[in-house]
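**Q** This is the content of entry03.cif (mmCIF, C-alpha atoms and all ligand atoms):
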```
data_my_file
#
loop_
_atom_site.label_atom_id
_atom_site.label_comp_id
_atom_site.auth_asym_id
_atom_site.auth_seq_id
_atom_site.Cartn_x
_atom_site.Cartn_y
_atom_site.Cartn_z
CA MET A 19 34.61 -23.03 -91.60
CA LYS A 20 33.89 -24.14 -88.02
CA SER A 21 36.29 -23.04 -85.29
CA PHE A 22 39.33 -25.30 -84.97
CA SER A 23 38.21 -26.97 -81.75
CA GLU A 24 34.80 -27.93 -83.21
CA ARG A 25 36.12 -29.51 -86.38
CA ARG A 26 35.81 -33.20 -87.22
CA ILE A 27 39.22 -34.21 -88.54
CA ALA A 28 40.08 -37.63 -89.97
CA ILE A 29 43.62 -38.92 -90.28
CA LEU A 30 44.12 -41.69 -92.81
CA GLY A 31 47.23 -43.59 -91.74
CA ARG A 32 48.63 -45.17 -88.61
CA GLY A 33 52.30 -44.94 -89.50
CA ILE A 34 54.57 -42.40 -87.85
CA ALA A 35 53.16 -39.48 -89.88
CA GLY A 36 49.52 -40.17 -88.94
CA LEU A 37 50.18 -40.96 -85.28
CA ALA A 38 52.53 -37.98 -84.80
CA LEU A 39 49.82 -35.73 -86.21
CA ALA A 40 47.16 -37.28 -83.94
CA TYR A 41 49.49 -36.61 -80.99
CA ARG A 42 49.87 -32.91 -81.85
CA LEU A 43 46.12 -32.47 -82.50
CA LEU A 44 45.24 -34.10 -79.18
CA GLN A 45 47.63 -31.73 -77.44
CA LYS A 46 45.62 -28.86 -78.95
CA GLY A 47 42.43 -30.35 -77.51
CA LEU A 48 41.10 -31.74 -80.79
CA GLN A 49 40.20 -35.43 -80.99
CA PRO A 50 40.84 -36.79 -84.49
CA THR A 51 39.49 -40.04 -85.90
CA ILE A 52 42.26 -42.30 -87.16
CA PHE A 53 41.88 -44.91 -89.91
CA GLY A 54 44.35 -47.55 -91.11
CA ALA A 55 45.80 -50.95 -90.39
CA HIS A 56 48.03 -51.41 -87.34
CA ALA A 57 50.65 -53.55 -89.06
CA ASP A 58 50.48 -52.31 -92.63
CA SER A 59 52.98 -49.46 -92.67
CA ALA A 60 56.52 -48.67 -93.76
CA SER A 61 57.01 -47.26 -90.27
CA ARG A 62 56.74 -50.70 -88.67
CA CYS A 63 59.45 -51.98 -91.03
CA ALA A 64 61.99 -49.25 -90.37
CA GLN A 65 65.37 -49.87 -88.73
CA GLY A 66 64.98 -46.70 -86.69
CA VAL A 67 68.24 -45.03 -87.64
CA VAL A 68 68.20 -41.25 -87.47
CA SER A 69 71.34 -40.28 -89.30
CA ASN A 70 72.48 -37.40 -91.44
CA LYS A 71 75.92 -39.02 -91.71
CA GLY A 72 77.63 -35.68 -91.33
CA LEU A 73 76.05 -34.23 -94.43
CA LEU A 74 75.10 -30.55 -94.47
CA PHE A 75 73.37 -28.82 -97.36
CA PHE A 76 72.27 -25.54 -95.84
CA GLU A 77 70.56 -24.37 -98.99
CA SER A 78 68.23 -27.38 -99.03
CA PRO A 79 65.04 -27.08 -96.92
CA LEU A 80 65.08 -30.87 -96.55
CA PHE A 81 68.54 -30.84 -94.98
CA ALA A 82 67.70 -27.86 -92.80
CA ALA A 83 64.76 -29.84 -91.42
CA LYS A 84 66.87 -33.00 -91.04
CA LEU A 85 69.50 -31.13 -89.07
CA THR A 86 66.92 -29.65 -86.71
CA SER A 87 65.32 -33.04 -86.35
CA LEU A 88 68.44 -34.71 -84.93
CA SER A 89 68.11 -32.92 -81.60
CA HIS A 90 64.33 -32.50 -81.87
CA VAL A 91 63.61 -36.22 -82.14
CA GLN A 92 65.42 -36.93 -78.86
CA LYS A 93 63.33 -34.40 -76.95
CA TRP A 94 60.20 -35.74 -78.64
CA LEU A 95 60.95 -39.33 -77.60
CA ASP A 96 61.61 -38.19 -74.00
CA GLU A 97 58.25 -36.42 -74.03
CA LEU A 98 56.42 -39.42 -75.56
CA GLU A 99 57.77 -41.71 -72.90
CA ARG A 100 56.65 -39.35 -70.19
CA VAL A 101 53.11 -38.74 -71.48
CA SER A 102 52.35 -42.31 -72.58
CA GLY A 103 53.98 -44.17 -69.68
CA GLN A 104 55.59 -46.52 -72.27
CA SER A 105 59.31 -46.99 -72.62
CA ILE A 106 61.07 -46.40 -75.95
CA SER A 107 64.51 -47.99 -76.43
CA ARG A 108 66.95 -45.57 -78.01
CA SER A 109 70.55 -44.49 -78.24
CA PHE A 110 71.85 -41.11 -79.37
CA GLU A 111 75.52 -41.47 -78.64
CA GLY A 112 76.61 -41.32 -82.23
CA ILE A 113 76.96 -43.66 -85.20
CA SER A 114 80.14 -45.01 -86.81
CA GLU A 115 80.89 -45.71 -90.45
CA PRO A 116 83.79 -48.14 -90.91
CA TYR A 117 86.40 -47.88 -93.65
CA TRP A 118 88.74 -50.67 -94.60
CA ASP A 119 91.76 -49.04 -96.22
CA ALA A 120 93.02 -45.70 -97.49
CA GLU A 121 91.25 -46.08 -100.83
CA ASP A 122 87.97 -46.91 -99.11
CA PHE A 123 88.39 -43.87 -96.84
CA GLN A 124 88.81 -41.71 -99.95
CA SER A 125 85.66 -43.18 -101.49
CA LEU A 126 83.60 -42.35 -98.38
CA ILE A 127 84.99 -38.84 -98.27
CA ALA A 128 84.38 -38.39 -102.01
CA ARG A 129 80.78 -39.40 -101.42
CA ILE A 130 80.25 -36.77 -98.74
CA TYR A 131 82.30 -34.12 -100.56
CA ARG A 132 80.08 -34.21 -103.60
CA ARG A 133 78.48 -31.20 -105.25
CA HIS A 134 77.04 -28.56 -102.87
CA PHE A 135 78.88 -29.97 -99.89
CA LEU A 136 79.48 -27.32 -97.26
CA GLY A 137 80.92 -29.14 -94.29
CA CYS A 138 80.81 -32.26 -92.17
CA HIS A 139 78.74 -31.69 -89.06
CA ARG A 140 81.05 -32.51 -86.13
CA THR A 141 82.27 -35.65 -87.90
CA GLU A 142 85.32 -37.32 -86.34
CA ASN A 143 87.85 -39.68 -87.86
CA ARG A 144 88.42 -42.40 -85.26
CA ALA A 145 90.93 -45.19 -85.07
CA TYR A 146 89.77 -48.79 -84.88
CA ASP A 147 89.21 -49.83 -81.26
CA ARG A 148 88.87 -53.56 -80.65
CA HIS A 149 86.88 -52.98 -77.44
CA GLN A 150 84.20 -51.02 -79.25
CA ALA A 151 83.92 -53.34 -82.24
CA TRP A 152 81.36 -56.08 -83.01
CA PRO A 153 82.52 -59.38 -81.45
CA PHE A 154 81.75 -61.17 -84.71
CA LEU A 155 84.12 -59.24 -87.00
CA SER A 156 85.91 -61.35 -89.56
CA LYS A 157 88.16 -58.47 -90.70
CA GLU A 158 89.25 -55.36 -88.84
CA PRO A 159 88.50 -51.88 -90.21
CA LYS A 160 91.30 -49.32 -90.48
CA GLY A 161 89.08 -46.74 -88.79
CA TYR A 162 85.67 -45.13 -88.58
CA LEU A 163 84.02 -41.88 -89.47
CA PHE A 164 82.01 -41.03 -86.37
CA TYR A 165 78.82 -38.93 -86.51
CA PRO A 166 78.19 -37.84 -82.91
CA ALA A 167 74.75 -36.27 -83.43
CA ASP A 168 73.14 -39.37 -85.00
CA GLY A 169 71.22 -42.14 -83.26
CA TRP A 170 68.59 -44.82 -83.26
CA PHE A 171 65.24 -45.60 -81.63
CA ASP A 172 62.88 -48.56 -81.58
CA VAL A 173 60.15 -47.47 -83.99
CA ASP A 174 57.61 -50.10 -82.90
CA GLU A 175 57.88 -48.90 -79.31
CA ALA A 176 57.55 -45.25 -80.36
CA LEU A 177 54.46 -46.05 -82.47
CA ASN A 178 52.96 -48.00 -79.58
CA ALA A 179 53.57 -45.04 -77.26
CA LEU A 180 51.87 -42.68 -79.74
CA ALA A 181 48.93 -45.07 -80.17
CA GLU A 182 48.60 -45.42 -76.39
CA PHE A 183 48.59 -41.64 -75.97
CA SER A 184 45.85 -41.38 -78.62
CA ARG A 185 43.79 -44.04 -76.88
CA GLN A 186 44.19 -42.46 -73.44
CA ASN A 187 43.17 -39.07 -74.78
CA GLY A 188 40.04 -40.12 -76.60
CA ALA A 189 41.00 -40.34 -80.28
CA VAL A 190 38.82 -42.88 -82.07
CA THR A 191 40.79 -45.45 -84.10
CA PHE A 192 39.32 -47.68 -86.82
CA GLU A 193 41.33 -50.69 -87.99
CA ARG A 194 39.94 -50.04 -91.48
CA GLN A 195 41.01 -48.52 -94.78
CA VAL A 196 39.12 -45.62 -96.29
CA LEU A 197 37.95 -46.64 -99.77
CA ALA A 198 36.36 -43.44 -101.05
CA ILE A 199 36.27 -39.72 -100.28
CA ALA A 200 33.61 -37.49 -101.81
CA PRO A 201 32.30 -33.96 -101.21
CA ALA A 202 29.05 -33.98 -99.21
CA GLY A 203 26.30 -31.43 -99.82
CA ASP A 204 26.86 -29.47 -96.60
CA GLY A 205 30.51 -28.68 -97.41
CA SER A 206 31.87 -31.61 -95.42
CA LEU A 207 33.54 -34.75 -96.82
CA HIS A 208 31.97 -38.19 -96.92
CA LEU A 209 34.31 -41.14 -96.29
CA CYS A 210 33.37 -44.74 -96.96
CA ASP A 211 35.49 -47.29 -95.08
CA SER A 212 36.35 -50.93 -95.79
CA SER A 213 33.53 -52.21 -93.59
CA GLY A 214 31.02 -50.26 -95.71
CA GLU A 215 30.40 -47.66 -93.01
CA GLY A 216 30.11 -43.98 -93.97
CA HIS A 217 31.54 -41.03 -91.98
CA TYR A 218 31.41 -37.23 -92.31
CA PHE A 219 34.39 -35.00 -91.60
CA ASP A 220 35.26 -31.34 -92.07
CA GLN A 221 38.89 -32.03 -92.93
CA VAL A 222 40.84 -35.14 -93.92
CA VAL A 223 44.61 -35.68 -93.75
CA LEU A 224 46.23 -38.25 -96.02
CA ALA A 225 49.11 -39.72 -94.00
CA THR A 226 48.87 -42.75 -96.23
CA GLY A 227 52.50 -43.34 -97.24
CA ALA A 228 52.81 -45.66 -100.24
CA ALA A 229 49.01 -45.82 -100.73
CA THR A 230 48.86 -42.07 -101.44
CA PRO A 231 49.13 -42.33 -105.29
CA ASP A 232 46.08 -44.62 -105.43
CA ILE A 233 44.04 -42.29 -103.26
CA LEU A 234 45.12 -39.18 -105.17
CA LYS A 235 44.19 -40.87 -108.45
CA SER A 236 40.58 -40.88 -107.31
CA LEU A 237 40.70 -37.17 -106.38
CA LEU A 238 42.89 -35.40 -108.94
CA SER A 239 43.18 -35.34 -112.71
CA HIS A 240 46.84 -34.29 -112.59
CA LEU A 241 49.14 -36.20 -110.24
CA PRO A 242 52.52 -35.12 -108.91
CA LYS A 243 55.45 -37.37 -109.88
CA MET A 244 55.66 -40.11 -107.23
CA PHE A 245 57.85 -43.19 -106.82
CA LEU A 246 57.40 -46.25 -104.62
CA ILE A 247 60.62 -47.63 -103.15
CA GLY A 248 60.73 -51.04 -101.45
CA GLY A 249 62.92 -51.88 -98.50
CA GLN A 250 63.54 -54.61 -96.00
CA THR A 251 64.78 -54.94 -92.45
CA LEU A 252 66.19 -58.16 -91.00
CA ASP A 253 66.26 -58.89 -87.27
CA LEU A 254 68.86 -61.58 -86.53
CA ASN A 255 68.81 -63.22 -83.12
CA LEU A 256 72.32 -63.92 -81.86
CA PRO A 257 73.69 -65.83 -78.88
CA TYR A 258 75.56 -62.64 -77.79
CA SER A 259 74.06 -59.74 -75.93
CA SER A 260 75.02 -56.06 -75.83
CA ASP A 261 73.64 -53.78 -73.10
CA SER A 262 74.38 -50.62 -75.02
CA ALA A 263 73.34 -50.18 -78.63
CA LEU A 264 76.17 -50.48 -81.16
CA LEU A 265 75.22 -48.49 -84.25
CA GLN A 266 76.90 -48.47 -87.63
CA VAL A 267 76.07 -47.21 -91.08
CA ARG A 268 77.86 -47.81 -94.31
CA LYS A 269 76.67 -45.70 -97.26
CA THR A 270 72.95 -46.64 -97.46
CA MET A 271 73.21 -49.67 -95.11
CA SER A 272 72.70 -49.65 -91.36
CA ALA A 273 73.25 -52.15 -88.55
CA ILE A 274 72.12 -51.94 -84.93
CA TRP A 275 73.15 -54.47 -82.33
CA TRP A 276 71.25 -54.22 -79.10
CA LYS A 277 70.53 -56.90 -76.50
CA SER A 278 70.65 -60.12 -78.51
CA GLN A 279 69.35 -58.68 -81.74
CA LEU A 280 71.27 -57.53 -84.77
CA ARG A 281 69.04 -55.41 -87.00
CA ILE A 282 70.20 -54.72 -90.53
CA GLY A 283 68.68 -52.93 -93.48
CA ALA A 284 69.23 -50.64 -96.37
CA SER A 285 67.58 -47.28 -96.81
CA SER A 286 67.67 -47.66 -100.58
CA TRP A 287 67.45 -51.40 -101.00
CA LYS A 288 66.34 -51.98 -104.57
CA GLY A 289 66.17 -55.76 -104.38
CA MET A 290 63.05 -57.66 -105.30
CA ALA A 291 61.52 -56.89 -101.91
CA ILE A 292 58.03 -56.36 -103.22
CA ASN A 293 57.81 -59.73 -104.96
CA PRO A 294 56.90 -62.29 -102.26
CA LEU A 295 58.38 -65.13 -104.32
CA ALA A 296 61.77 -63.47 -104.18
CA LEU A 297 61.78 -62.83 -100.44
CA GLU A 298 64.34 -65.47 -99.55
CA GLU A 299 66.72 -64.45 -102.30
CA ASP A 300 66.30 -60.83 -101.27
CA ARG A 301 67.07 -61.70 -97.65
CA ASN A 302 70.22 -63.57 -98.62
CA GLN A 303 71.42 -60.72 -100.81
CA LEU A 304 70.96 -58.26 -97.97
CA LEU A 305 72.82 -60.56 -95.55
CA MET A 306 75.73 -60.82 -97.97
CA LYS A 307 75.82 -57.09 -98.60
CA ALA A 308 75.69 -56.27 -94.88
CA GLY A 309 78.51 -58.76 -94.22
CA GLY A 310 80.70 -57.00 -96.79
CA CYS A 311 79.83 -53.53 -95.46
CA PHE A 312 80.39 -54.23 -91.78
CA GLY A 313 83.12 -56.88 -91.87
CA TRP A 314 81.23 -60.05 -90.89
CA ASP A 315 81.29 -63.37 -92.61
CA PRO A 316 77.54 -63.98 -93.09
CA GLN A 317 78.16 -67.76 -93.34
CA SER A 318 79.67 -67.93 -89.87
CA LEU A 319 77.43 -65.44 -88.05
CA PRO A 320 75.80 -67.57 -85.32
CA VAL A 321 72.24 -66.60 -86.26
CA GLU A 322 69.54 -68.38 -84.25
CA SER A 323 66.56 -66.97 -86.12
CA ILE A 324 65.75 -64.22 -88.63
CA THR A 325 62.66 -62.04 -88.90
CA GLN A 326 62.21 -60.28 -92.22
CA ARG A 327 60.03 -57.19 -92.63
CA ILE A 328 59.37 -55.56 -95.96
CA GLY A 329 57.79 -52.19 -96.59
CA THR A 330 57.30 -49.55 -99.25
CA ARG A 331 57.71 -45.82 -98.92
CA LEU A 332 56.66 -42.94 -101.10
CA ARG A 333 59.04 -40.41 -102.59
CA PHE A 334 58.17 -37.26 -104.49
CA ALA A 335 60.50 -36.20 -107.33
CA ASP A 336 62.40 -33.69 -105.15
CA ARG A 337 62.62 -36.13 -102.19
CA MET A 338 60.84 -33.68 -99.88
CA PRO A 339 57.58 -34.59 -98.13
CA GLY A 340 54.24 -33.04 -99.07
CA VAL A 341 52.72 -31.25 -96.06
CA GLY A 342 49.69 -29.03 -96.54
CA SER A 343 46.38 -28.66 -98.32
CA ILE A 344 45.63 -29.74 -101.87
CA PRO A 345 45.69 -26.23 -103.34
CA PHE A 346 42.48 -26.15 -105.41
CA ALA A 347 38.72 -26.73 -105.25
CA PRO A 348 36.86 -28.80 -104.23
CA TRP A 349 39.60 -30.05 -101.88
CA GLN A 350 41.33 -26.83 -100.83
CA GLU A 351 41.51 -26.54 -97.02
CA LYS A 352 39.59 -29.82 -96.82
CA ILE A 353 42.06 -32.51 -97.88
CA PHE A 354 45.63 -32.20 -96.60
CA LEU A 355 48.73 -34.26 -97.35
CA CYS A 356 51.24 -35.37 -94.75
CA THR A 357 53.14 -37.91 -96.80
CA GLY A 358 56.10 -38.63 -99.10
CA PHE A 359 58.58 -39.01 -96.24
CA TYR A 360 60.70 -41.48 -98.21
CA LYS A 361 63.80 -42.22 -96.05
CA ASN A 362 63.16 -39.49 -93.51
CA GLY A 363 59.84 -40.19 -91.85
CA LEU A 364 61.26 -41.03 -88.45
CA GLN A 365 63.17 -37.77 -88.34
CA LEU A 366 60.63 -35.43 -89.86
CA ALA A 367 57.20 -36.76 -88.80
CA ASP A 368 56.82 -34.64 -85.69
CA LEU A 369 58.23 -31.42 -87.19
CA CYS A 370 55.83 -31.82 -90.12
CA ALA A 371 52.93 -32.70 -87.80
CA GLN A 372 53.48 -29.40 -86.01
CA ASP A 373 53.48 -27.52 -89.33
CA LEU A 374 50.28 -29.25 -90.38
CA VAL A 375 48.55 -28.35 -87.11
CA ALA A 376 49.56 -24.71 -87.71
CA LEU A 377 47.99 -24.89 -91.20
CA LEU A 378 44.80 -26.48 -89.86
CA GLN A 379 44.61 -23.67 -87.33
CA GLY A 380 45.00 -21.09 -90.11
CA GLU A 381 48.44 -20.00 -88.87
CA ALA A 382 50.44 -20.34 -92.07
CA GLU A 383 52.97 -17.78 -90.80
CA SER A 384 54.08 -20.29 -88.09
CA VAL A 385 54.97 -23.00 -90.63
CA ARG A 386 58.68 -23.78 -90.40
CA TYR A 387 59.04 -25.64 -93.69
CA PRO A 388 56.86 -23.90 -96.31
CA ALA A 389 58.96 -25.55 -99.04
CA PHE A 390 57.17 -28.84 -98.23
CA SER A 391 53.84 -27.39 -99.39
CA PRO A 392 51.99 -29.49 -102.02
CA SER A 393 51.50 -26.25 -104.01
CA ARG A 394 54.93 -26.91 -105.51
CA PHE A 395 53.51 -29.90 -107.42
CA PHE A 396 50.79 -27.88 -109.08
CA SER A 397 52.43 -24.52 -109.73
CA ASN A 398 53.06 -25.15 -113.47
C1 LIG B 1 62.57 -51.30 -94.72
C2 LIG B 1 62.52 -49.85 -94.37
C3 LIG B 1 63.49 -49.32 -93.51
C4 LIG B 1 63.47 -47.97 -93.17
N1 LIG B 1 64.38 -47.50 -92.29
C5 LIG B 1 64.34 -46.20 -91.93
C6 LIG B 1 65.25 -45.69 -90.97
O1 LIG B 1 66.07 -46.41 -90.42
N2 LIG B 1 65.19 -44.36 -90.68
C7 LIG B 1 64.24 -43.53 -91.24
O2 LIG B 1 64.20 -42.31 -90.92
N3 LIG B 1 63.36 -44.00 -92.13
C8 LIG B 1 63.38 -45.30 -92.48
N4 LIG B 1 62.49 -45.78 -93.37
C9 LIG B 1 61.53 -44.84 -93.95
C10 LIG B 1 60.38 -44.60 -92.98
O3 LIG B 1 59.92 -45.84 -92.54
C11 LIG B 1 59.28 -43.83 -93.67
O4 LIG B 1 59.78 -42.55 -94.10
C12 LIG B 1 58.10 -43.57 -92.73
O5 LIG B 1 57.83 -44.70 -91.96
C13 LIG B 1 56.88 -43.19 -93.51
O6 LIG B 1 55.83 -43.06 -92.59
P1 LIG B 1 54.37 -42.74 -93.06
O7 LIG B 1 53.54 -42.62 -91.82
O8 LIG B 1 54.39 -41.62 -94.03
O9 LIG B 1 53.89 -44.01 -93.91
P2 LIG B 1 53.57 -45.49 -93.41
O10 LIG B 1 54.32 -45.82 -92.20
O11 LIG B 1 53.70 -46.38 -94.59
O12 LIG B 1 52.03 -45.41 -92.98
C14 LIG B 1 50.98 -45.36 -93.93
C15 LIG B 1 49.69 -45.69 -93.21
O13 LIG B 1 48.60 -45.37 -94.09
C16 LIG B 1 47.62 -46.37 -93.92
N5 LIG B 1 46.75 -46.34 -95.10
C17 LIG B 1 47.10 -46.59 -96.37
N6 LIG B 1 46.00 -46.48 -97.16
C18 LIG B 1 44.97 -46.14 -96.35
C19 LIG B 1 43.58 -45.89 -96.57
N7 LIG B 1 43.04 -45.96 -97.79
N8 LIG B 1 42.81 -45.60 -95.51
C20 LIG B 1 43.34 -45.52 -94.25
N9 LIG B 1 44.65 -45.74 -94.00
C21 LIG B 1 45.45 -46.06 -95.04
C22 LIG B 1 48.41 -47.66 -93.73
O14 LIG B 1 47.60 -48.64 -93.13
C23 LIG B 1 49.51 -47.14 -92.80
O15 LIG B 1 49.05 -47.20 -91.48
C24 LIG B 1 62.47 -47.12 -93.72
C25 LIG B 1 61.49 -47.65 -94.56
C26 LIG B 1 61.50 -49.01 -94.89
C27 LIG B 1 60.44 -49.56 -95.77
#
```
With the file now loaded, output its structure as structure tokens.
Ligand SMILES: Cc1cc2nc3c(=O)[nH]c(=O)nc-3n(C[C@H](O)[C@H](O)[C@H](O)COP(=O)(O)OP(=O)(O)OC[C@H]3O[C@@H](n4cnc5c(N)ncnc54)[C@H](O)[C@@H]3O)c2cc1C

**A**
Amino acid sequence: MKSFSERRIAILGRGIAGLALAYRLLQKGLQPTIFGAHADSASRCAQGVVSNKGLLFFESPLFAAKLTSLSHVQKWLDELERVSGQSISRSFEGISEPYWDAEDFQSLIARIYRRHFLGCHRTENRAYDRHQAWPFLSKEPKGYLFYPADGWFDVDEALNALAEFSRQNGAVTFERQVLAIAPAGDGSLHLCDSSGEGHYFDQVVLATGAATPDILKSLLSHLPKMFLIGGQTLDLNLPYSSDSALLQVRKTMSAIWWKSQLRIGASSWKGMAINPLALEEDRNQLLMKAGGCFGWDPQSLPVESITQRIGTRLRFADRMPGVGSIPFAPWQEKIFLCTGFYKNGLQLADLCAQDLVALLQGEAESVRYPAFSPSRFFSN
């Protein structure tokens, strides 16, 4: 194997996983080549909410990483702004979850006090305050659970900052998909892209989100269990404006009101999102559900226009990402995964990128989340 700094590394994917990895490689002085479509990613559909909703499961590596990520992501965004010269809108002053009556309060608490629950991370129970409420409420909540460590950032702006940093620092980006990967005679890998061009690399990272199962099918005879989950985000333009971001979650739903935009979405929306014919019905269902969750009457919300974005994310059976090399020949130490982020890509992308860089450098002992290794899929 060539020394780290001499290696030709390809990243397939321009979502948050691929661009975060490119950022960390560039910082180590290595210039990766990045493939993928600018717009075609779950990352560009995300609401941008970074929320653990007070949940702590210390024994779960996923939750340990999520907890670390809440403070890490803020420092990372500060750093990205500084190095890229691009601003990233964000707010980390906490997120509220409304409840409507005593029974509803009990149902929220029952949800967080389920099996394995060990404590609510600094969660507060706050009274309803008219001055801090949405101006378009049609019913008033009894109170809120408040999660002070949680927040939100504008994902598009963060991705643009990462892409700008890559460009300024000499990473080559191809607006193309990779169609085939094959071993080349000299021990390298041959990639054929969607324009028919061929490329040779020493190592390839699949940060390919929902496209990962299709790519793995062409490489492996035995596939890990994978699920594709659709989701949608709606941006509603309103005639009101808020200078500070107002953030709320309600079970799997989230709502962010900032400037004149109200952004709503569901982290586990199982509507018909993937079927284009059902888009309008899906949008209306989400509007209705959000109205019920957050106390608006969707019919009387003064919406001027709506932008709908749909995306698909990948989940492995245990909900943890896959970060590391495919653990057997001919791909071992040549093809790496950085995928399967499911609902948590915005929180975990940079922590996982740092682990992957450590693995590429042969420093497995520095990996913080060894439980995310793809070896777990192939151990039996
Ligand atoms: C509607 C919605 C809302 C969400 N909201 C939130 C949220 O509020 N908070 C949160 O933490 N998470 C949220 N998520 C989840 C989050 O978006 C994902 O966890 C994260 O974006 C996954 O990033 P990724 O880089 O792994 O994949 P993606 O962003 O999907 O990127 C995959 C990339 O791979 C590229 N690619 C695919 N095939 C190839 C190929 N053959 N060759 C080259 N490139 C290829 C694609 O072009 C794309 O650039 C949401 C997801 C959706 C869909």

**Q** Counting only C-alpha atoms, what is within 9 Å of range 323-326 of chain A, bar same-chain residues fewer than 3 positions away, as a short mmCIF file (atom, residue, chain, number, x, y, z; two decimals) with C-alpha atoms, keeping the file's coordinate frame?

**A**
```cif
data_model
loop_
_atom_site.label_atom_id
_atom_site.label_comp_id
_atom_site.auth_asym_id
_atom_site.auth_seq_id
_atom_site.Cartn_x
_atom_site.Cartn_y
_atom_site.Cartn_z
CA CYS A 63 59.45 -51.98 -91.03
CA GLN A 250 63.54 -54.61 -96.00
CA THR A 251 64.78 -54.94 -92.45
CA LEU A 252 66.19 -58.16 -91.00
CA ASP A 253 66.26 -58.89 -87.27
CA LEU A 254 68.86 -61.58 -86.53
CA ASN A 255 68.81 -63.22 -83.12
CA LEU A 256 72.32 -63.92 -81.86
CA LEU A 297 61.78 -62.83 -100.44
CA ARG A 301 67.07 -61.70 -97.65
#
```

**Q** Find the residues around Phe154 in chain A up to 12 Å (all atoms listed in the file counted), leave out those fewer than 5 positions away in its own chain, and share them as an NGL selection string.

**A** :A and (148 or 256-259 or 275 or 280 or 309 or 312-321)

**Q** Using all atoms listed in the file, can you list as a ChimeraX atom specification the residues within 12 Å of (32.1, -35.8, -103.0)?

**A** /A:198-210,218-219,236-237,347-349,352-353

**Q** Report the distance between CA of Glu351 in chain A and CA of Glu77 in chain A in Å, rounded to one decimal place.

**A**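 If I compute the distance from CA of Glu351 in chain A to CA of Glu77 in chain A, I get 29.2 Å.
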
**Q** Hey, which of A:Met244, A:Leu332, A:Leu80, A:Cys311 ends up closest to ligand LIG 1 (chain B)? Count all atoms listed in the file.

**A** A:Leu332

**Q** Report the centre and edge lengths, in Å to one decimal, of an axis-aligned box enclosing every atom of range 214-229 of chain A listed in the file, padded by 4 Å on each side, as JSON.

**A**
```
{"center_x": 41.5, "center_y": -40.8, "center_z": -96.2, "size_x": 30.7, "size_y": 26.9, "size_z": 17.1}
```

**Q** Point out the residue among A:Leu44, A:Leu355, A:Ala179, A:Ile27 with the least atom-to-atom distance to ligand LIG 1 (chain B), counting all atoms listed in the file.

**A**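 Among the listed residues, the smallest separation from ligand LIG 1 (chain B) belongs to A:Leu355.
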
**Q** Taking all atoms listed in the file into account, which of A:Thr357, A:Pro50, A:His217, A:Gln150 comes nearest Ile233 in chain A?

**A**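 Among A:Thr357, A:Pro50, A:His217, A:Gln150, it is A:Thr357 that comes nearest to Ile233 in chain A.
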
**Q** For the structure just given, write the atoms of range 188-222 of chain A, namely C-alpha atoms, as a PDB file, in the first residue's frame.

**A**
```
ATOM      1  CA  GLY A 188      -8.149  21.364  -4.847  1.00  0.00           C
ATOM      2  CA  ALA A 189     -10.495  18.365  -4.573  1.00  0.00           C
ATOM      3  CA  VAL A 190     -11.735  17.342  -8.009  1.00  0.00           C
ATOM      4  CA  THR A 191     -15.525  16.967  -8.242  1.00  0.00           C
ATOM      5  CA  PHE A 192     -17.388  15.130 -11.016  1.00  0.00           C
ATOM      6  CA  GLU A 193     -21.121  15.716 -11.408  1.00  0.00           C
ATOM      7  CA  ARG A 194     -21.410  12.048 -12.422  1.00  0.00           C
ATOM      8  CA  GLN A 195     -22.461   8.719 -10.952  1.00  0.00           C
ATOM      9  CA  VAL A 196     -20.061   5.814 -10.792  1.00  0.00           C
ATOM     10  CA  LEU A 197     -21.597   2.875 -12.664  1.00  0.00           C
ATOM     11  CA  ALA A 198     -19.065   0.119 -12.058  1.00  0.00           C
ATOM     12  CA  ILE A 199     -16.146  -0.704  -9.768  1.00  0.00           C
ATOM     13  CA  ALA A 200     -13.745  -3.523 -10.628  1.00  0.00           C
ATOM     14  CA  PRO A 201     -10.321  -4.674  -9.424  1.00  0.00           C
ATOM     15  CA  ALA A 202      -7.538  -3.558 -11.796  1.00  0.00           C
ATOM     16  CA  GLY A 203      -4.466  -5.693 -12.438  1.00  0.00           C
ATOM     17  CA  ASP A 204      -2.048  -3.493 -10.491  1.00  0.00           C
ATOM     18  CA  GLY A 205      -4.006  -3.770  -7.221  1.00  0.00           C
ATOM     19  CA  SER A 206      -5.915  -0.540  -7.774  1.00  0.00           C
ATOM     20  CA  LEU A 207      -9.635  -0.180  -8.524  1.00  0.00           C
ATOM     21  CA  HIS A 208     -11.098   0.780 -11.882  1.00  0.00           C
ATOM     22  CA  LEU A 209     -14.195   3.011 -11.805  1.00  0.00           C
ATOM     23  CA  CYS A 210     -16.385   3.666 -14.821  1.00  0.00           C
ATOM     24  CA  ASP A 211     -18.530   6.805 -14.553  1.00  0.00           C
ATOM     25  CA  SER A 212     -21.819   7.814 -16.178  1.00  0.00           C
ATOM     26  CA  SER A 213     -20.061   9.708 -18.970  1.00  0.00           C
ATOM     27  CA  GLY A 214     -18.200   6.504 -19.933  1.00  0.00           C
ATOM     28  CA  GLU A 215     -14.876   7.744 -18.572  1.00  0.00           C
ATOM     29  CA  GLY A 216     -12.632   5.348 -16.622  1.00  0.00           C
ATOM     30  CA  HIS A 217     -10.589   6.234 -13.504  1.00  0.00           C
ATOM     31  CA  TYR A 218      -8.086   4.393 -11.298  1.00  0.00           C
ATOM     32  CA  PHE A 219      -8.002   4.749  -7.529  1.00  0.00           C
ATOM     33  CA  ASP A 220      -6.231   3.048  -4.639  1.00  0.00           C
ATOM     34  CA  GLN A 221      -9.212   3.312  -2.302  1.00  0.00           C
ATOM     35  CA  VAL A 222     -12.898   4.076  -2.781  1.00  0.00           C
TER      36      VAL A 222
END
```
